[in-house]
Amino acid sequence: MSEPTNGLLCTGIVWTSGSASLALAGPDGGIRHQPLALDQIVGWHLHGPRRCVGIWNHDAGRQQMCPHRHHIELDATGGQCPACQAADPGRRFARGVDLTDPRTFGLYLAWFDQRLIKVGLTAVKRGSSRLTEQAAITFTWLAEGPLPAVRHAERLISGLGEHGEAVRRDRKVSAWWRLGDADQRVEQLREAWHRTVPHISGDTQLTVKQPRVHDLAATYGLATPPPASVREIGPLRDAVTLVGRIRVVAGSDIIFDTVAGPGLLNARSLSGWTLTRAVIRGAAAPPMRPLNLVGSYDKHVPETLF
């Protein structure tokens, strides 16, 4: 296996202002973005070996490439080696190790299913990007304030037992076929806001936000359920070609219409592969297997998490 000189290393899907793109790193760590718009036809040819994507350097605005060029297991859903995981500031933040970030943070409730609403936080200046990264169908802000106070409120709400802080991928994706009526989920989230806010309204460091509910189903292509015939795209291997028309892009998952029928790709499994542009016309069908979401829990933490 040899990597092409014109190939770019895929580091995953990035969401900005409600739009998704595939992030591709050059040898110097500079990032190019390929838009992932609904109804767009895309084509990629994979080149191995699959290797660690390194760490996103926010200050420099580029990918800090893995110094050891460690290989990654072909079926892993994350694209980092253990050393880069340990050094990744986003992962340290997610574990609650660092509470020194001076930015203003927002606390939110996010709806994924009729029985699944989670609480979370994100930097206010990132807007809804964190919500689209995790494929929240509907969300509303609860409050904003300094990080320690927002983190404390998040844990307080989670500790009440109604809203957790994490959602498994299998539960998110499985819900796409039963999202139901938009007005119903909006009302359900409003009710959750009214039940939750009294628990944090006494914190003088927090500014409570009014319940303005945002529905993102149409943004993802989920205003109507995906086809029942969807299969999973995989396993990904060296020399695989992926060509298809984007039907759904939500969080880190994409549903393509391919010559073999609709297929679901967990784009986290695409990170670490070197990609070149594939010829669209006459492209072979991608590898497909029956869709089985049970236990598909991604532990990957995106570098832009907060």
# chains A, B, ... in the order shown; residues from 1 in each chain; ligands from 1

call {"tool": "closest_atom_pairs", "arguments": {"of": "segment 175-271 of chain A", "to": "segment 79-86 of chain A", "cutoff": "9 Å", "atoms": "only C-alpha atoms", "output": "CSV"}}
result
residue,atom,partner,partner_atom,distance
A:Arg268,CA,A:Gly79,CA,7.2
A:Ser269,CA,A:Gly79,CA,7.4
A:Leu270,CA,A:Gly79,CA,8.2
A:Ser271,CA,A:Gly79,CA,5.3

call {"tool": "write_last_selection", "arguments": {"atoms": "C-alpha atoms", "output": "JSON list (two decimals), in the first residue's frame"}}
result
[["chain", "number", "residue", "atom", "x", "y", "z"],
["A", 268, "ARG", "CA", -15.86, 8.55, 11.92],
["A", 269, "SER", "CA", -14.73, 5.29, 10.35],
["A", 270, "LEU", "CA", -13.58, 7.36, 7.34],
["A", 271, "SER", "CA", -11.12, 9.40, 9.42]]

call {"tool": "residues_around", "arguments": {"residues": "segment 278-290 of chain A", "least_positions_apart": "4", "cutoff": "7 Å", "atoms": "only C-alpha atoms", "output": "JSON, numbers by chain"}}
result
{"A": [43, 44, 45, 231, 232, 233, 234, 235, 240, 241, 242, 243, 258, 259, 260]}

call {"tool": "closest_residue", "arguments": {"among": "A:Ala23, A:Ala135, A:Leu236, A:Ala37", "to": "Arg62 of chain A", "atoms": "only C-alpha atoms"}}
result
A:Ala23

call {"tool": "residues_around", "arguments": {"residues": "Val53 of chain A", "least_positions_apart": "4", "cutoff": "9 Å", "atoms": "only C-alpha atoms", "output": "list in words"}}
result
Leu9, Cys10, Thr11, Ala25, Gln63, Gln64, Met65, Cys66, Arg69, His70, Gly79, Gln80, Cys81, Cys84, Ser271, Gly272 and Trp273 of chain A

call {"tool": "write_last_selection", "arguments": {"atoms": "all heavy atoms", "output": "short mmCIF file (atom, residue, chain, number, x, y, z; two decimals), in the first residue's frame"}}
result
data_model
loop_
_atom_site.label_atom_id
_atom_site.label_comp_id
_atom_site.auth_asym_id
_atom_site.auth_seq_id
_atom_site.Cartn_x
_atom_site.Cartn_y
_atom_site.Cartn_z
N LEU A 9 -5.59 13.53 3.94
CA LEU A 9 -5.99 12.69 5.06
C LEU A 9 -7.32 13.17 5.62
O LEU A 9 -7.45 14.32 6.05
CB LEU A 9 -4.91 12.75 6.15
CG LEU A 9 -5.11 11.81 7.34
CD1 LEU A 9 -4.90 10.36 6.92
CD2 LEU A 9 -4.15 12.19 8.47
N CYS A 10 -8.31 12.30 5.64
CA CYS A 10 -9.62 12.65 6.16
C CYS A 10 -9.56 12.70 7.68
O CYS A 10 -9.10 11.76 8.33
CB CYS A 10 -10.66 11.63 5.72
SG CYS A 10 -12.30 11.92 6.41
N THR A 11 -10.03 13.81 8.27
CA THR A 11 -10.07 13.93 9.73
C THR A 11 -11.50 13.93 10.28
O THR A 11 -11.68 13.99 11.49
CB THR A 11 -9.35 15.21 10.20
OG1 THR A 11 -10.06 16.36 9.74
CG2 THR A 11 -7.92 15.24 9.68
N ALA A 25 -6.89 16.95 5.56
CA ALA A 25 -5.61 17.56 5.96
C ALA A 25 -4.53 17.25 4.94
O ALA A 25 -4.36 16.10 4.51
CB ALA A 25 -5.19 17.05 7.34
N GLN A 63 -4.18 21.11 11.46
CA GLN A 63 -4.05 19.81 12.10
C GLN A 63 -2.59 19.57 12.49
O GLN A 63 -1.68 19.77 11.67
CB GLN A 63 -4.52 18.69 11.16
CG GLN A 63 -4.85 17.38 11.84
CD GLN A 63 -6.18 17.44 12.59
OE1 GLN A 63 -6.91 18.41 12.53
NE2 GLN A 63 -6.47 16.37 13.31
N GLN A 64 -2.37 19.21 13.75
CA GLN A 64 -1.03 18.83 14.20
C GLN A 64 -0.89 17.34 13.95
O GLN A 64 -1.46 16.52 14.67
CB GLN A 64 -0.88 19.15 15.70
CG GLN A 64 0.48 18.83 16.28
CD GLN A 64 0.54 19.23 17.75
OE1 GLN A 64 0.07 20.30 18.13
NE2 GLN A 64 1.09 18.35 18.56
N MET A 65 -0.15 16.98 12.92
CA MET A 65 -0.09 15.59 12.48
C MET A 65 0.61 14.71 13.51
O MET A 65 1.50 15.15 14.23
CB MET A 65 0.63 15.50 11.12
CG MET A 65 0.06 16.46 10.08
SD MET A 65 -1.73 16.31 9.82
CE MET A 65 -1.81 14.75 8.95
N CYS A 66 0.17 13.47 13.58
CA CYS A 66 0.76 12.51 14.52
C CYS A 66 2.24 12.34 14.22
O CYS A 66 2.61 11.97 13.10
CB CYS A 66 0.05 11.16 14.40
SG CYS A 66 0.73 9.85 15.45
N ARG A 69 3.04 8.80 13.08
CA ARG A 69 2.25 8.24 11.96
C ARG A 69 1.72 6.85 12.30
O ARG A 69 1.78 5.92 11.50
CB ARG A 69 3.09 8.20 10.68
CG ARG A 69 3.49 9.57 10.17
CD ARG A 69 4.44 9.49 8.99
NE ARG A 69 3.86 8.79 7.86
CZ ARG A 69 3.14 9.35 6.90
NH1 ARG A 69 2.88 10.66 6.97
NH2 ARG A 69 2.67 8.66 5.89
N HIS A 70 1.21 6.73 13.52
CA HIS A 70 0.70 5.44 13.98
C HIS A 70 -0.44 4.95 13.10
O HIS A 70 -1.28 5.74 12.65
CB HIS A 70 0.20 5.54 15.42
CG HIS A 70 1.30 5.50 16.44
ND1 HIS A 70 1.28 6.26 17.58
CD2 HIS A 70 2.45 4.78 16.48
CE1 HIS A 70 2.38 6.01 18.30
NE2 HIS A 70 3.09 5.14 17.64
N GLY A 79 -10.20 8.14 15.03
CA GLY A 79 -9.04 8.22 14.15
C GLY A 79 -7.76 8.62 14.85
O GLY A 79 -6.83 9.09 14.18
N GLN A 80 -7.68 8.46 16.18
CA GLN A 80 -6.48 8.86 16.90
C GLN A 80 -5.82 7.66 17.58
O GLN A 80 -6.50 6.75 18.06
CB GLN A 80 -6.83 9.89 17.99
CG GLN A 80 -7.20 11.26 17.47
CD GLN A 80 -7.59 12.20 18.60
OE1 GLN A 80 -8.43 11.87 19.42
NE2 GLN A 80 -6.97 13.37 18.65
N CYS A 81 -4.50 7.71 17.64
CA CYS A 81 -3.76 6.71 18.41
C CYS A 81 -3.86 7.06 19.89
O CYS A 81 -4.24 8.19 20.25
CB CYS A 81 -2.30 6.68 17.96
SG CYS A 81 -1.36 8.18 18.37
N CYS A 84 -2.06 10.43 20.94
CA CYS A 84 -2.73 11.67 20.53
C CYS A 84 -4.04 11.87 21.30
O CYS A 84 -4.42 13.00 21.60
CB CYS A 84 -2.97 11.66 19.03
SG CYS A 84 -1.46 11.92 18.04
N SER A 271 -12.28 8.63 8.99
CA SER A 271 -11.12 9.40 9.42
C SER A 271 -9.88 8.51 9.47
O SER A 271 -9.93 7.36 9.90
CB SER A 271 -11.37 10.03 10.79
OG SER A 271 -11.55 9.03 11.78
N GLY A 272 -8.76 9.07 9.02
CA GLY A 272 -7.51 8.32 8.99
C GLY A 272 -7.17 7.72 7.64
O GLY A 272 -6.04 7.28 7.42
N TRP A 273 -8.15 7.70 6.73
CA TRP A 273 -7.88 7.22 5.37
C TRP A 273 -7.44 8.39 4.50
O TRP A 273 -7.93 9.50 4.64
CB TRP A 273 -9.13 6.59 4.76
CG TRP A 273 -9.52 5.28 5.37
CD1 TRP A 273 -10.51 5.06 6.28
CD2 TRP A 273 -8.92 4.01 5.11
NE1 TRP A 273 -10.56 3.73 6.61
CE2 TRP A 273 -9.60 3.06 5.91
CE3 TRP A 273 -7.88 3.58 4.30
CZ2 TRP A 273 -9.26 1.71 5.92
CZ3 TRP A 273 -7.55 2.24 4.30
CH2 TRP A 273 -8.23 1.32 5.09
#

call {"tool": "residues_around", "arguments": {"residues": "Trp176 of chain A", "least_positions_apart": "2", "cutoff": "8 Å", "atoms": "only C-alpha atoms", "output": "list in words"}}
result
Lys172, Val173, Ser174, Arg178, Leu179, Leu222, Pro225 and Pro226 of chain A

call {"tool": "write_last_selection", "arguments": {"atoms": "all heavy atoms", "output": "short mmCIF file (atom, residue, chain, number, x, y, z; two decimals), in the first residue's frame"}}
result
data_model
loop_
_atom_site.label_atom_id
_atom_site.label_comp_id
_atom_site.auth_asym_id
_atom_site.auth_seq_id
_atom_site.Cartn_x
_atom_site.Cartn_y
_atom_site.Cartn_z
N LYS A 172 -29.46 7.33 18.73
CA LYS A 172 -29.70 8.49 17.87
C LYS A 172 -30.20 8.06 16.50
O LYS A 172 -31.23 8.52 16.01
CB LYS A 172 -28.41 9.29 17.69
CG LYS A 172 -27.89 10.03 18.89
CD LYS A 172 -26.64 10.79 18.49
CE LYS A 172 -25.94 11.42 19.66
NZ LYS A 172 -24.72 12.15 19.26
N VAL A 173 -29.43 7.20 15.85
CA VAL A 173 -29.72 6.84 14.46
C VAL A 173 -31.01 6.02 14.37
O VAL A 173 -31.83 6.22 13.47
CB VAL A 173 -28.54 6.09 13.83
CG1 VAL A 173 -28.87 5.64 12.42
CG2 VAL A 173 -27.29 6.97 13.83
N SER A 174 -31.23 5.11 15.31
CA SER A 174 -32.44 4.30 15.29
C SER A 174 -33.70 5.16 15.34
O SER A 174 -34.74 4.80 14.78
CB SER A 174 -32.44 3.32 16.46
OG SER A 174 -31.37 2.40 16.36
N ARG A 178 -38.54 7.18 13.40
CA ARG A 178 -39.74 7.41 14.20
C ARG A 178 -39.72 8.80 14.86
O ARG A 178 -40.14 8.96 16.01
CB ARG A 178 -39.88 6.33 15.27
CG ARG A 178 -38.68 6.19 16.20
CD ARG A 178 -38.94 5.22 17.35
NE ARG A 178 -37.89 5.28 18.34
CZ ARG A 178 -36.75 4.59 18.28
NH1 ARG A 178 -36.54 3.76 17.27
NH2 ARG A 178 -35.83 4.73 19.22
N LEU A 179 -39.26 9.81 14.15
CA LEU A 179 -39.17 11.14 14.73
C LEU A 179 -40.53 11.76 14.98
O LEU A 179 -40.68 12.60 15.87
CB LEU A 179 -38.35 12.06 13.82
CG LEU A 179 -36.86 11.72 13.69
CD1 LEU A 179 -36.17 12.72 12.78
CD2 LEU A 179 -36.17 11.69 15.06
N LEU A 222 -33.90 14.95 7.31
CA LEU A 222 -34.72 14.01 8.07
C LEU A 222 -36.14 14.52 8.28
O LEU A 222 -36.82 14.10 9.21
CB LEU A 222 -34.07 13.72 9.43
CG LEU A 222 -32.78 12.91 9.36
CD1 LEU A 222 -32.10 12.87 10.73
CD2 LEU A 222 -33.05 11.48 8.86
N PRO A 225 -38.76 10.21 7.08
CA PRO A 225 -37.87 9.12 7.50
C PRO A 225 -37.02 8.61 6.34
O PRO A 225 -37.41 8.67 5.17
CB PRO A 225 -38.84 8.04 7.98
CG PRO A 225 -40.13 8.75 8.25
CD PRO A 225 -40.18 9.88 7.29
N PRO A 226 -35.82 8.10 6.63
CA PRO A 226 -35.00 7.47 5.60
C PRO A 226 -35.69 6.21 5.07
O PRO A 226 -36.62 5.69 5.70
CB PRO A 226 -33.70 7.11 6.33
CG PRO A 226 -33.72 7.91 7.60
CD PRO A 226 -35.16 8.08 7.95
#

call {"tool": "atom_distance", "arguments": {"atom1": "atom CA of Pro49 of chain A", "atom2": "atom CA of Gly244 of chain A"}}
result
23.3 Å

call {"tool": "residues_around", "arguments": {"residues": "Glu162 of chain A", "least_positions_apart": "4", "cutoff": "10 Å", "atoms": "only C-alpha atoms", "output": "list of chain:residue names"}}
result
A:Arg115, A:Leu116, A:Ile117, A:Lys118, A:Val119, A:Ile157, A:Ser158, A:Ala192, A:Thr196

call {"tool": "write_last_selection", "arguments": {"atoms": "all heavy atoms", "output": "compact mmCIF listing (two decimals), in the first residue's frame"}}
result
# COMPACT_ATOMS: atom_id res chain seq x y z
N ARG A 115 -38.30 9.73 24.09
CA ARG A 115 -37.91 9.45 25.47
C ARG A 115 -36.44 9.77 25.71
O ARG A 115 -35.83 9.22 26.62
CB ARG A 115 -38.18 7.98 25.80
CG ARG A 115 -39.66 7.61 25.75
CD ARG A 115 -39.89 6.13 25.84
NE ARG A 115 -39.28 5.41 24.73
CZ ARG A 115 -39.82 5.31 23.53
NH1 ARG A 115 -41.00 5.87 23.28
NH2 ARG A 115 -39.21 4.64 22.57
N LEU A 116 -35.86 10.64 24.88
CA LEU A 116 -34.42 10.87 24.98
C LEU A 116 -34.09 12.35 24.77
O LEU A 116 -34.00 12.83 23.64
CB LEU A 116 -33.68 10.01 23.93
CG LEU A 116 -32.17 9.99 24.00
CD1 LEU A 116 -31.70 9.49 25.37
CD2 LEU A 116 -31.60 9.08 22.92
N ILE A 117 -33.92 13.06 25.88
CA ILE A 117 -33.50 14.45 25.87
C ILE A 117 -32.25 14.55 26.73
O ILE A 117 -32.21 14.03 27.84
CB ILE A 117 -34.59 15.38 26.44
CG1 ILE A 117 -35.84 15.34 25.54
CG2 ILE A 117 -34.07 16.81 26.54
CD1 ILE A 117 -37.00 16.14 26.09
N LYS A 118 -31.20 15.18 26.23
CA LYS A 118 -29.96 15.30 26.98
C LYS A 118 -29.66 16.75 27.30
O LYS A 118 -30.15 17.67 26.65
CB LYS A 118 -28.78 14.68 26.21
CG LYS A 118 -28.38 15.41 24.95
CD LYS A 118 -26.91 15.19 24.61
CE LYS A 118 -26.02 16.02 25.52
NZ LYS A 118 -24.60 16.01 25.12
N VAL A 119 -28.82 16.94 28.32
CA VAL A 119 -28.34 18.26 28.69
C VAL A 119 -26.88 18.35 28.28
O VAL A 119 -26.14 17.36 28.33
CB VAL A 119 -28.51 18.51 30.20
CG1 VAL A 119 -27.72 17.51 31.04
CG2 VAL A 119 -28.10 19.94 30.57
N ILE A 157 -28.35 19.04 36.69
CA ILE A 157 -29.50 18.57 35.92
C ILE A 157 -29.37 17.09 35.60
O ILE A 157 -30.33 16.31 35.73
CB ILE A 157 -29.64 19.40 34.64
CG1 ILE A 157 -30.00 20.86 34.99
CG2 ILE A 157 -30.71 18.81 33.71
CD1 ILE A 157 -29.88 21.82 33.83
N SER A 158 -28.19 16.67 35.18
CA SER A 158 -27.96 15.26 34.89
C SER A 158 -28.22 14.40 36.12
O SER A 158 -28.77 13.31 36.03
CB SER A 158 -26.53 15.06 34.38
OG SER A 158 -26.25 13.69 34.19
N ALA A 192 -39.94 20.25 28.84
CA ALA A 192 -38.72 19.87 29.55
C ALA A 192 -37.99 21.13 30.06
O ALA A 192 -37.42 21.12 31.15
CB ALA A 192 -37.81 19.07 28.62
N THR A 196 -37.05 22.00 34.00
CA THR A 196 -35.63 22.01 34.33
C THR A 196 -35.15 23.35 34.89
O THR A 196 -34.36 23.39 35.84
CB THR A 196 -34.80 21.66 33.07
OG1 THR A 196 -35.25 20.39 32.57
CG2 THR A 196 -33.32 21.58 33.40

call {"tool": "atom_distance", "arguments": {"atom1": "atom CA of Gly145 of chain A", "atom2": "atom CA of Arg190 of chain A"}}
result
21.1 Å

call {"tool": "closest_residue", "arguments": {"among": "A:Leu107, A:Thr224, A:Leu293, A:His152", "to": "Gln210 of chain A", "atoms": "only C-alpha atoms"}}
result
A:Leu107

call {"tool": "select_by_dssp", "arguments": {"residues": "segment 39-226 of chain A", "states": "alpha helix (DSSP H)", "output": "ChimeraX atom specification"}}
result
/A:82-87,89-94,129-133,147-159,169-174,182-196,217-220

call {"tool": "closest_residue", "arguments": {"among": "A:Thr104, A:Thr219, A:Gln134, A:Thr140", "to": "Thr207 of chain A", "atoms": "only C-alpha atoms"}}
result
A:Thr104

call {"tool": "select_by_dssp", "arguments": {"residues": "segment 76-282 of chain A", "states": "strand (DSSP E)", "output": "MDAnalysis selection string"}}
result
chainID A and resid 104:113 116:123 138:146 207:208 214:215 231:233 241:250 253:258 261:266 274:277

call {"tool": "write_last_selection", "arguments": {"atoms": "C-alpha atoms", "output": "short mmCIF file (atom, residue, chain, number, x, y, z; two decimals), in the first residue's frame"}}
result
data_model
loop_
_atom_site.label_atom_id
_atom_site.label_comp_id
_atom_site.auth_asym_id
_atom_site.auth_seq_id
_atom_site.Cartn_x
_atom_site.Cartn_y
_atom_site.Cartn_z
CA THR A 104 -19.03 32.40 27.90
CA PHE A 105 -20.75 29.03 27.73
CA GLY A 106 -24.31 28.03 26.97
CA LEU A 107 -26.32 25.25 28.60
CA TYR A 108 -28.86 23.47 26.38
CA LEU A 109 -31.42 20.68 26.18
CA ALA A 110 -31.30 18.56 23.02
CA TRP A 111 -34.08 16.24 21.79
CA PHE A 112 -33.16 12.99 20.00
CA ASP A 113 -36.20 10.79 20.55
CA LEU A 116 -34.42 10.87 24.98
CA ILE A 117 -33.50 14.45 25.87
CA LYS A 118 -29.96 15.30 26.98
CA VAL A 119 -28.34 18.26 28.69
CA GLY A 120 -25.06 19.69 27.43
CA LEU A 121 -22.87 22.75 27.13
CA THR A 122 -20.95 24.58 24.43
CA ALA A 123 -19.14 27.89 23.95
CA THR A 138 -34.44 19.78 18.28
CA PHE A 139 -32.81 21.98 20.92
CA THR A 140 -33.32 24.96 23.20
CA TRP A 141 -30.97 27.01 25.35
CA LEU A 142 -31.38 26.92 29.11
CA ALA A 143 -28.82 29.46 30.37
CA GLU A 144 -25.39 30.94 29.79
CA GLY A 145 -22.51 32.01 31.98
CA PRO A 146 -18.90 31.20 32.96
CA THR A 207 -28.42 34.08 32.82
CA VAL A 208 -31.52 32.00 32.10
CA HIS A 214 -34.96 25.16 17.10
CA ASP A 215 -35.81 22.14 14.94
CA ARG A 231 -27.89 -0.91 4.76
CA GLU A 232 -24.55 -0.06 6.35
CA ILE A 233 -21.58 0.96 4.19
CA THR A 241 -14.45 3.50 -3.63
CA LEU A 242 -17.39 5.43 -2.17
CA VAL A 243 -19.70 7.15 -4.66
CA GLY A 244 -23.23 8.28 -3.95
CA ARG A 245 -25.79 11.06 -3.71
CA ILE A 246 -26.19 12.47 -0.20
CA ARG A 247 -29.68 11.86 1.15
CA VAL A 248 -29.00 12.57 4.86
CA VAL A 249 -26.08 14.10 6.74
CA ALA A 250 -26.55 14.36 10.50
CA ASP A 253 -23.42 9.96 9.80
CA ILE A 254 -24.26 10.12 6.11
CA ILE A 255 -26.90 8.23 4.13
CA PHE A 256 -26.01 7.93 0.45
CA ASP A 257 -28.05 6.73 -2.50
CA THR A 258 -25.58 4.37 -4.23
CA GLY A 261 -29.17 1.16 -2.83
CA PRO A 262 -29.23 3.48 0.19
CA GLY A 263 -26.30 3.07 2.56
CA LEU A 264 -25.43 4.54 5.98
CA LEU A 265 -21.81 5.54 6.57
CA ASN A 266 -20.42 6.33 10.00
CA THR A 274 -6.13 9.12 2.59
CA LEU A 275 -8.72 10.17 0.00
CA THR A 276 -8.49 11.02 -3.66
CA ARG A 277 -11.34 12.04 -5.94
#

call {"tool": "atom_distance", "arguments": {"atom1": "atom CA of Leu36 of chain A", "atom2": "atom CA of Gly90 of chain A"}}
result
24.0 Å

call {"tool": "closest_residue", "arguments": {"among": "A:His33, A:Gln114, A:Val294, A:Arg91", "to": "Ala175 of chain A", "atoms": "only C-alpha atoms"}}
result
A:Gln114

call {"tool": "closest_residue", "arguments": {"among": "A:Asn6, A:Ser17, A:Asn292, A:Pro148", "to": "Arg130 of chain A", "atoms": "only C-alpha atoms"}}
result
A:Ser17
